[in-house]
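Accompanying notes for the structure given below.
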Amino acid sequence: NFQSQAIHTNLYASSWFLTLFTTSLPLILSCRVMECFLSEGMEVIFRIALALLIMGKDELLLQDMEGVLKYFQKYMPAHFEANQESVFSLAFEIVINQKKMRRVEKEYTTMKSKEKEDEIEIRRLKNENRLLRQRVELLKNELNELTNPGFKWMKPLML
């Protein structure tokens, strides 16, 4: 559903990962997440994110982009606070298939590489387009000068 709505992970999860949930959750929960992070490592942040997505799946599937963002900003922190033990339990129960994760990571890296290549190509084409527009302007100016009635060599042709 997120893909069909053009809701990219970075719209909601980048702040989770960059701030370890400190900007998304009440202070007491942020401290608990930080404790887990310090004892378990970065994987716990992914586990909590997955747990939150799993727990909110039914509600999230019903939302449009605005509803999803509102869910993550308003409902999710309150829901997490009210169901802390459920979220943490689910987070640590999630089985992460490392082989599948490496495959997904490889796919993601390939996709990002392609995006970067596409960006380079777009910049090249924009530059080429700009140069062609300049060339068209020069040719238009040249044509205007050549078709100007003041040109002596054009007068015999215009008679």
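In the structure tokens, chains take letters A, B, ... by order of appearance, with residues numbered from 1 within each chain and ligands from 1 in the order shown.
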For this session: Could you give me, as number ranges by chain, each residue of stretch 14-134 of chain A that DSSP assigns to alpha helix (DSSP H) when run on this structure's backbone?
Result: A: 14-19, 27-40, 43-61, 65-70, 76-82, 84-93, 98-134
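Between atom CA of A:Phe80 and atom CA of A:Leu53 lies a distance of 11.1 Å.
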Exercise. Distance atom CA of A:Leu61-atom CA of A:Lys112, one decimal place?
Worked result: 26.1 Å
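Taking only C-alpha atoms, the non-local environment of stretch 55-58 of chain A within 8 Å (same-chain residues fewer than 3 positions away omitted) comprises Ala51, Leu52, Leu61, Leu62, Met76 and Val87 of chain A.
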For this session: Would you work out the distance separating atom CA of A:Val44 from atom CA of A:Leu20, expressed in Å to one decimal?
Result: 9.8 Å
For this session: Considering only C-alpha atoms, return as a ChimeraX atom specification whatever protein or nucleic-acid residues lie within 9 Å of A:Phe46, sequence-local ones (same chain, fewer than 4 positions apart) excluded.
Result: /A:17,42,50-51,91
Problem set entry | Contact residues around A:Ile45 with only C-alpha atoms at 12 Å, ignoring same-chain residues under 3 positions, as a PyMOL selection string | chain A and resi 13-22+30+32-42+48-52+87-88+91-92
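The list of residues with at least one atom within 10 Å of stretch 95-107 of chain A, based on only C-alpha atoms and without residues fewer than 5 positions apart in the same chain, reads Glu43, Arg47, Leu90, Lys112 and Ser113 of chain A.
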Suppose we keep N, CA, C and O atoms; can you now write the selection as a tab-separated table (two decimals), in the first residue's frame?
chain	number	residue	atom	x	y	z
A	43	GLU	N	20.64	-3.22	15.46
A	43	GLU	CA	19.57	-4.10	14.99
A	43	GLU	C	18.27	-3.88	15.77
A	43	GLU	O	17.18	-4.01	15.22
A	47	ARG	N	14.37	-3.61	14.60
A	47	ARG	CA	13.35	-4.49	15.18
A	47	ARG	C	12.16	-3.69	15.71
A	47	ARG	O	11.00	-4.06	15.49
A	90	LEU	N	7.33	-8.00	20.77
A	90	LEU	CA	7.25	-8.30	19.34
A	90	LEU	C	8.59	-8.00	18.65
A	90	LEU	O	9.05	-8.79	17.82
A	112	LYS	N	19.78	2.07	-5.45
A	112	LYS	CA	20.38	3.38	-5.17
A	112	LYS	C	21.45	3.71	-6.21
A	112	LYS	O	21.57	4.86	-6.64
A	113	SER	N	22.22	2.72	-6.62
A	113	SER	CA	23.23	2.93	-7.64
A	113	SER	C	22.59	3.35	-8.95
A	113	SER	O	23.05	4.27	-9.63
